[in-house]
Amino acid sequence: FAGCNDYDATYRTGGRMLLVGMPVMTLAFCSEAINTFETTFITLLQQSRFYSVRAGSLVVRCSHRPVLLVFEAAPANPLLGSCVVDSYLDASGAVTVPLPDTELTVTFRLAKTAGSSGCNTFQGPYTTNGKVVAIGPLATTRLACAEDVMAQESAFLTALQGVGFVEPRGQTLMLQDRNGGILVALVRPSEPEASPSPSLPPA
């Protein structure tokens with residue numbers, strides 16, 4: 001994210017060398033000051049030739065070694081990755097499991113989340129400092145399903161959005177309200193076990 005737009009670029013490293021390619025960017029327009037900041041940032045990023053990391057700081061330098069950019073390490077993010085919803089707070093205030101034949105999923109990327117709410121898919125922004133998370137607002141597709149599935153979807157999205165605490169417990173991630181009550185319990189999908197190779201018949 002460059003201040004107004006998202007960008008994507010390839011890069012190469014070797015030793016202390018850092019080369020950043022031409023980025024592909026979204027085309028949103030912001031204020032003049034933000035656009036100027038963004039243009040300056042992207043220009044400096046493309047001038048990268050060397051880098052160093054020390055005490056949580058990434059320093060990027062140009063070919064003559066003056067400092068171009070300094071980044072501070074982001075806080076650890078226990079949410080990153082994909083999860084399946086184990087349980088959630090429903091509209092009655094009880095913690096319940098998903099309906100049979102439905103699966104609720106959530107994937108957290110660097111600043112965006114997406115997943116399936118049982119009938120529709122959703123996506124939206126989130127931020128976290130590793131202990132507190134703010135999710136949403138979330139946008140969804142507009143499919144219609146059975147009444148009980150739609151009720152589940154509404155309750156789940158209500159529980160997921162907003163501000164809460166994050167508590168990792170092994171393969172489980174608990175999203176909790178300010179009083180420690182469960183909003184959503186997420187489980188990391190287990191890695192499939194490798195199948196043993198069939199035995200070869202004797203020669």
# chains A, B, ... in the order shown; residues from 1 in each chain; ligands from 1
>>> select_by_dssp(residues="chain A", states="strand (DSSP E or B)", output="ChimeraX atom specification")
/A:7-8,11-14,17-20,24-25,50-54,57-61,67-72,81-89,95-96,104-108,112-117,121-128,132-135,139-140,162-169,172-176,182-187
>>> select_by_dssp(residues="chain A", states="alpha helix (DSSP H)", output="count of residues only")
29
>>> residues_around(residues="Val106 of chain A", least_positions_apart="4", cutoff="9 Å", atoms="only C-alpha atoms", output="tab-separated table (two decimals) with all heavy atoms, in the first residue's frame")
chain	number	residue	atom	x	y	z
A	81	GLY	N	-3.19	-16.13	7.51
A	81	GLY	CA	-3.46	-17.48	7.02
A	81	GLY	C	-4.94	-17.77	6.95
A	81	GLY	O	-5.79	-16.89	7.13
A	82	SER	N	-5.25	-19.02	6.65
A	82	SER	CA	-6.63	-19.46	6.47
A	82	SER	C	-7.12	-20.25	7.67
A	82	SER	O	-6.36	-21.00	8.29
A	82	SER	CB	-6.74	-20.33	5.22
A	82	SER	OG	-6.40	-19.59	4.06
A	83	CYS	N	-8.40	-20.08	7.99
A	83	CYS	CA	-9.01	-20.76	9.12
A	83	CYS	C	-10.42	-21.22	8.77
A	83	CYS	O	-11.07	-20.66	7.89
A	83	CYS	CB	-9.11	-19.83	10.34
A	83	CYS	SG	-7.56	-19.21	10.98
A	84	VAL	N	-10.87	-22.23	9.50
A	84	VAL	CA	-12.26	-22.67	9.44
A	84	VAL	C	-12.92	-22.26	10.75
A	84	VAL	O	-12.31	-22.33	11.82
A	84	VAL	CB	-12.34	-24.20	9.25
A	84	VAL	CG1	-13.78	-24.68	9.30
A	84	VAL	CG2	-11.68	-24.60	7.94
A	85	VAL	N	-14.18	-21.81	10.67
A	85	VAL	CA	-14.89	-21.37	11.87
A	85	VAL	C	-15.37	-22.59	12.65
A	85	VAL	O	-16.11	-23.43	12.13
A	85	VAL	CB	-16.08	-20.46	11.49
A	85	VAL	CG1	-16.88	-20.09	12.74
A	85	VAL	CG2	-15.58	-19.21	10.78
A	113	THR	N	-9.19	-9.24	4.74
A	113	THR	CA	-9.71	-10.55	5.09
A	113	THR	C	-10.81	-10.92	4.11
A	113	THR	O	-11.47	-10.05	3.53
A	113	THR	CB	-10.24	-10.57	6.54
A	113	THR	OG1	-10.65	-11.90	6.86
A	113	THR	CG2	-11.43	-9.64	6.72
A	114	ALA	N	-11.00	-12.21	3.90
A	114	ALA	CA	-12.03	-12.70	2.99
A	114	ALA	C	-12.39	-14.11	3.42
A	114	ALA	O	-11.67	-14.75	4.19
A	114	ALA	CB	-11.53	-12.69	1.54
A	115	GLY	N	-13.51	-14.61	2.91
A	115	GLY	CA	-13.91	-15.96	3.25
A	115	GLY	C	-15.32	-16.26	2.80
A	115	GLY	O	-15.91	-15.53	2.01
A	116	SER	N	-15.85	-17.36	3.35
A	116	SER	CA	-17.21	-17.78	3.06
A	116	SER	C	-18.04	-17.71	4.33
A	116	SER	O	-17.61	-18.19	5.40
A	116	SER	CB	-17.23	-19.21	2.52
A	116	SER	OG	-18.56	-19.70	2.45
A	117	SER	N	-19.23	-17.11	4.23
A	117	SER	CA	-20.10	-17.00	5.40
A	117	SER	C	-21.26	-18.01	5.32
A	117	SER	O	-22.31	-17.79	5.91
A	117	SER	CB	-20.64	-15.57	5.53
A	117	SER	OG	-21.09	-15.08	4.27
A	122	PHE	N	-17.34	-13.04	1.45
A	122	PHE	CA	-17.18	-11.69	1.99
A	122	PHE	C	-15.73	-11.28	1.88
A	122	PHE	O	-14.82	-12.10	1.72
A	122	PHE	CB	-17.64	-11.62	3.45
A	122	PHE	CG	-16.80	-12.44	4.39
A	122	PHE	CD1	-15.66	-11.91	4.99
A	122	PHE	CD2	-17.14	-13.76	4.67
A	122	PHE	CE1	-14.87	-12.68	5.84
A	122	PHE	CE2	-16.35	-14.53	5.52
A	122	PHE	CZ	-15.22	-13.99	6.11
A	186	LEU	N	-11.74	-19.79	15.66
A	186	LEU	CA	-11.21	-20.20	14.36
A	186	LEU	C	-10.20	-21.33	14.56
A	186	LEU	O	-9.44	-21.32	15.53
A	186	LEU	CB	-10.52	-19.02	13.67
A	186	LEU	CG	-11.39	-17.78	13.43
A	186	LEU	CD1	-10.52	-16.60	13.00
A	186	LEU	CD2	-12.44	-18.07	12.38
>>> closest_residue(among="A:Cys145, A:Val184, A:Val163, A:Cys30", to="Lys131 of chain A", atoms="only C-alpha atoms")
A:Val163
>>> residues_around(residues="Thr13 of chain A", least_positions_apart="4", cutoff="10 Å", atoms="only C-alpha atoms", output="number ranges by chain")
A: 17-20, 49-51
>>> write_last_selection(atoms="N, CA, C and O atoms", output="PDB file, in the first residue's frame")
ATOM      1  N   MET A  17      22.087  -6.641  -1.984  1.00  0.00           N
ATOM      2  CA  MET A  17      21.499  -5.975  -3.135  1.00  0.00           C
ATOM      3  C   MET A  17      19.975  -6.106  -3.097  1.00  0.00           C
ATOM      4  O   MET A  17      19.434  -7.144  -2.734  1.00  0.00           O
ATOM      5  N   LEU A  18      19.285  -5.058  -3.525  1.00  0.00           N
ATOM      6  CA  LEU A  18      17.826  -5.070  -3.629  1.00  0.00           C
ATOM      7  C   LEU A  18      17.424  -4.304  -4.884  1.00  0.00           C
ATOM      8  O   LEU A  18      17.711  -3.113  -5.011  1.00  0.00           O
ATOM      9  N   LEU A  19      16.766  -4.985  -5.807  1.00  0.00           N
ATOM     10  CA  LEU A  19      16.271  -4.370  -7.031  1.00  0.00           C
ATOM     11  C   LEU A  19      14.758  -4.558  -7.088  1.00  0.00           C
ATOM     12  O   LEU A  19      14.264  -5.679  -6.958  1.00  0.00           O
ATOM     13  N   VAL A  20      14.025  -3.464  -7.273  1.00  0.00           N
ATOM     14  CA  VAL A  20      12.558  -3.491  -7.319  1.00  0.00           C
ATOM     15  C   VAL A  20      12.102  -3.121  -8.717  1.00  0.00           C
ATOM     16  O   VAL A  20      12.521  -2.095  -9.268  1.00  0.00           O
ATOM     17  N   ARG A  49      18.814  -0.088  -4.366  1.00  0.00           N
ATOM     18  CA  ARG A  49      19.948  -0.897  -4.837  1.00  0.00           C
ATOM     19  C   ARG A  49      20.539  -1.749  -3.715  1.00  0.00           C
ATOM     20  O   ARG A  49      21.065  -2.809  -3.952  1.00  0.00           O
ATOM     21  N   PHE A  50      20.461  -1.250  -2.472  1.00  0.00           N
ATOM     22  CA  PHE A  50      21.023  -1.981  -1.337  1.00  0.00           C
ATOM     23  C   PHE A  50      20.063  -1.903  -0.150  1.00  0.00           C
ATOM     24  O   PHE A  50      19.237  -0.988  -0.075  1.00  0.00           O
ATOM     25  N   TYR A  51      20.197  -2.861   0.771  1.00  0.00           N
ATOM     26  CA  TYR A  51      19.371  -2.821   1.975  1.00  0.00           C
ATOM     27  C   TYR A  51      20.160  -3.376   3.156  1.00  0.00           C
ATOM     28  O   TYR A  51      21.141  -4.109   2.992  1.00  0.00           O
TER      29      TYR A  51
END
>>> residues_around(residues="segment 59-71 of chain A", least_positions_apart="2", cutoff="9 Å", atoms="only C-alpha atoms", output="list in words")
Leu18, Phe41, Leu44, Leu45, Gln47, Ser48, Arg49, Phe50, Tyr51, Ser52, Val53, Arg54, Gly56, Ser57, Ala73 and Ala74 of chain A
>>> atom_distance(atom1="atom CA of Ser92 of chain A", atom2="atom CA of Gln161 of chain A")
16.8 Å
>>> decode(residues="segment 84-97 of chain A", atoms="all heavy atoms", output="PDB file, in the first residue's frame")
ATOM      1  N   VAL A  84     -10.873 -22.230   9.497  1.00  0.00           N
ATOM      2  CA  VAL A  84     -12.263 -22.674   9.437  1.00  0.00           C
ATOM      3  C   VAL A  84     -12.922 -22.258  10.747  1.00  0.00           C
ATOM      4  O   VAL A  84     -12.308 -22.333  11.819  1.00  0.00           O
ATOM      5  CB  VAL A  84     -12.339 -24.204   9.253  1.00  0.00           C
ATOM      6  CG1 VAL A  84     -13.779 -24.682   9.297  1.00  0.00           C
ATOM      7  CG2 VAL A  84     -11.678 -24.603   7.944  1.00  0.00           C
ATOM      8  N   VAL A  85     -14.176 -21.809  10.668  1.00  0.00           N
ATOM      9  CA  VAL A  85     -14.888 -21.369  11.869  1.00  0.00           C
ATOM     10  C   VAL A  85     -15.368 -22.585  12.649  1.00  0.00           C
ATOM     11  O   VAL A  85     -16.106 -23.428  12.134  1.00  0.00           O
ATOM     12  CB  VAL A  85     -16.076 -20.462  11.490  1.00  0.00           C
ATOM     13  CG1 VAL A  85     -16.877 -20.090  12.739  1.00  0.00           C
ATOM     14  CG2 VAL A  85     -15.578 -19.207  10.782  1.00  0.00           C
ATOM     15  N   ASP A  86     -14.934 -22.679  13.890  1.00  0.00           N
ATOM     16  CA  ASP A  86     -15.360 -23.759  14.781  1.00  0.00           C
ATOM     17  C   ASP A  86     -16.680 -23.411  15.457  1.00  0.00           C
ATOM     18  O   ASP A  86     -17.566 -24.253  15.587  1.00  0.00           O
ATOM     19  CB  ASP A  86     -14.281 -24.019  15.832  1.00  0.00           C
ATOM     20  CG  ASP A  86     -14.704 -25.041  16.861  1.00  0.00           C
ATOM     21  OD1 ASP A  86     -14.680 -26.242  16.527  1.00  0.00           O
ATOM     22  OD2 ASP A  86     -15.071 -24.646  17.987  1.00  0.00           O
ATOM     23  N   SER A  87     -16.811 -22.160  15.899  1.00  0.00           N
ATOM     24  CA  SER A  87     -18.033 -21.709  16.557  1.00  0.00           C
ATOM     25  C   SER A  87     -18.082 -20.191  16.521  1.00  0.00           C
ATOM     26  O   SER A  87     -17.083 -19.532  16.242  1.00  0.00           O
ATOM     27  CB  SER A  87     -18.094 -22.224  18.007  1.00  0.00           C
ATOM     28  OG  SER A  87     -16.927 -21.859  18.717  1.00  0.00           O
ATOM     29  N   TYR A  88     -19.252 -19.639  16.815  1.00  0.00           N
ATOM     30  CA  TYR A  88     -19.429 -18.184  16.761  1.00  0.00           C
ATOM     31  C   TYR A  88     -20.591 -17.789  17.668  1.00  0.00           C
ATOM     32  O   TYR A  88     -21.406 -18.638  18.059  1.00  0.00           O
ATOM     33  CB  TYR A  88     -19.694 -17.717  15.318  1.00  0.00           C
ATOM     34  CG  TYR A  88     -21.006 -18.226  14.767  1.00  0.00           C
ATOM     35  CD1 TYR A  88     -22.159 -17.450  14.821  1.00  0.00           C
ATOM     36  CD2 TYR A  88     -21.105 -19.502  14.218  1.00  0.00           C
ATOM     37  CE1 TYR A  88     -23.368 -17.938  14.347  1.00  0.00           C
ATOM     38  CE2 TYR A  88     -22.301 -19.996  13.737  1.00  0.00           C
ATOM     39  CZ  TYR A  88     -23.434 -19.200  13.800  1.00  0.00           C
ATOM     40  OH  TYR A  88     -24.628 -19.680  13.347  1.00  0.00           O
ATOM     41  N   LEU A  89     -20.666 -16.525  17.979  1.00  0.00           N
ATOM     42  CA  LEU A  89     -21.741 -15.989  18.827  1.00  0.00           C
ATOM     43  C   LEU A  89     -22.962 -15.718  17.967  1.00  0.00           C
ATOM     44  O   LEU A  89     -22.911 -14.898  17.044  1.00  0.00           O
ATOM     45  CB  LEU A  89     -21.265 -14.711  19.509  1.00  0.00           C
ATOM     46  CG  LEU A  89     -22.194 -14.116  20.573  1.00  0.00           C
ATOM     47  CD1 LEU A  89     -22.244 -15.015  21.808  1.00  0.00           C
ATOM     48  CD2 LEU A  89     -21.730 -12.715  20.960  1.00  0.00           C
ATOM     49  N   ASP A  90     -24.078 -16.403  18.250  1.00  0.00           N
ATOM     50  CA  ASP A  90     -25.269 -16.228  17.413  1.00  0.00           C
ATOM     51  C   ASP A  90     -26.133 -15.069  17.899  1.00  0.00           C
ATOM     52  O   ASP A  90     -25.805 -14.390  18.879  1.00  0.00           O
ATOM     53  CB  ASP A  90     -26.061 -17.526  17.297  1.00  0.00           C
ATOM     54  CG  ASP A  90     -26.714 -17.952  18.613  1.00  0.00           C
ATOM     55  OD1 ASP A  90     -26.780 -17.136  19.564  1.00  0.00           O
ATOM     56  OD2 ASP A  90     -27.158 -19.119  18.691  1.00  0.00           O
ATOM     57  N   ALA A  91     -27.252 -14.860  17.221  1.00  0.00           N
ATOM     58  CA  ALA A  91     -28.099 -13.703  17.513  1.00  0.00           C
ATOM     59  C   ALA A  91     -28.724 -13.762  18.899  1.00  0.00           C
ATOM     60  O   ALA A  91     -29.086 -12.730  19.471  1.00  0.00           O
ATOM     61  CB  ALA A  91     -29.194 -13.595  16.449  1.00  0.00           C
ATOM     62  N   SER A  92     -28.833 -14.975  19.485  1.00  0.00           N
ATOM     63  CA  SER A  92     -29.422 -15.103  20.816  1.00  0.00           C
ATOM     64  C   SER A  92     -28.406 -14.876  21.931  1.00  0.00           C
ATOM     65  O   SER A  92     -28.758 -14.880  23.107  1.00  0.00           O
ATOM     66  CB  SER A  92     -30.054 -16.499  20.974  1.00  0.00           C
ATOM     67  OG  SER A  92     -29.040 -17.495  21.029  1.00  0.00           O
ATOM     68  N   GLY A  93     -27.129 -14.717  21.556  1.00  0.00           N
ATOM     69  CA  GLY A  93     -26.082 -14.527  22.549  1.00  0.00           C
ATOM     70  C   GLY A  93     -25.432 -15.812  22.998  1.00  0.00           C
ATOM     71  O   GLY A  93     -24.644 -15.813  23.952  1.00  0.00           O
ATOM     72  N   ALA A  94     -25.736 -16.921  22.307  1.00  0.00           N
ATOM     73  CA  ALA A  94     -25.128 -18.207  22.637  1.00  0.00           C
ATOM     74  C   ALA A  94     -24.037 -18.536  21.621  1.00  0.00           C
ATOM     75  O   ALA A  94     -24.122 -18.154  20.455  1.00  0.00           O
ATOM     76  CB  ALA A  94     -26.181 -19.311  22.642  1.00  0.00           C
ATOM     77  N   VAL A  95     -23.010 -19.246  22.074  1.00  0.00           N
ATOM     78  CA  VAL A  95     -21.948 -19.696  21.178  1.00  0.00           C
ATOM     79  C   VAL A  95     -22.403 -20.999  20.540  1.00  0.00           C
ATOM     80  O   VAL A  95     -22.736 -21.960  21.243  1.00  0.00           O
ATOM     81  CB  VAL A  95     -20.623 -19.893  21.935  1.00  0.00           C
ATOM     82  CG1 VAL A  95     -19.551 -20.451  21.008  1.00  0.00           C
ATOM     83  CG2 VAL A  95     -20.167 -18.565  22.535  1.00  0.00           C
ATOM     84  N   THR A  96     -22.427 -21.041  19.216  1.00  0.00           N
ATOM     85  CA  THR A  96     -22.955 -22.194  18.501  1.00  0.00           C
ATOM     86  C   THR A  96     -22.021 -22.612  17.378  1.00  0.00           C
ATOM     87  O   THR A  96     -21.151 -21.829  16.963  1.00  0.00           O
ATOM     88  CB  THR A  96     -24.353 -21.890  17.930  1.00  0.00           C
ATOM     89  OG1 THR A  96     -24.920 -23.072  17.359  1.00  0.00           O
ATOM     90  CG2 THR A  96     -24.275 -20.811  16.855  1.00  0.00           C
ATOM     91  N   VAL A  97     -22.176 -23.824  16.872  1.00  0.00           N
ATOM     92  CA  VAL A  97     -21.357 -24.334  15.769  1.00  0.00           C
ATOM     93  C   VAL A  97     -22.101 -24.111  14.459  1.00  0.00           C
ATOM     94  O   VAL A  97     -23.327 -23.949  14.450  1.00  0.00           O
ATOM     95  CB  VAL A  97     -21.039 -25.832  15.949  1.00  0.00           C
ATOM     96  CG1 VAL A  97     -20.239 -26.045  17.226  1.00  0.00           C
ATOM     97  CG2 VAL A  97     -22.314 -26.669  15.970  1.00  0.00           C
TER      98      VAL A  97
END
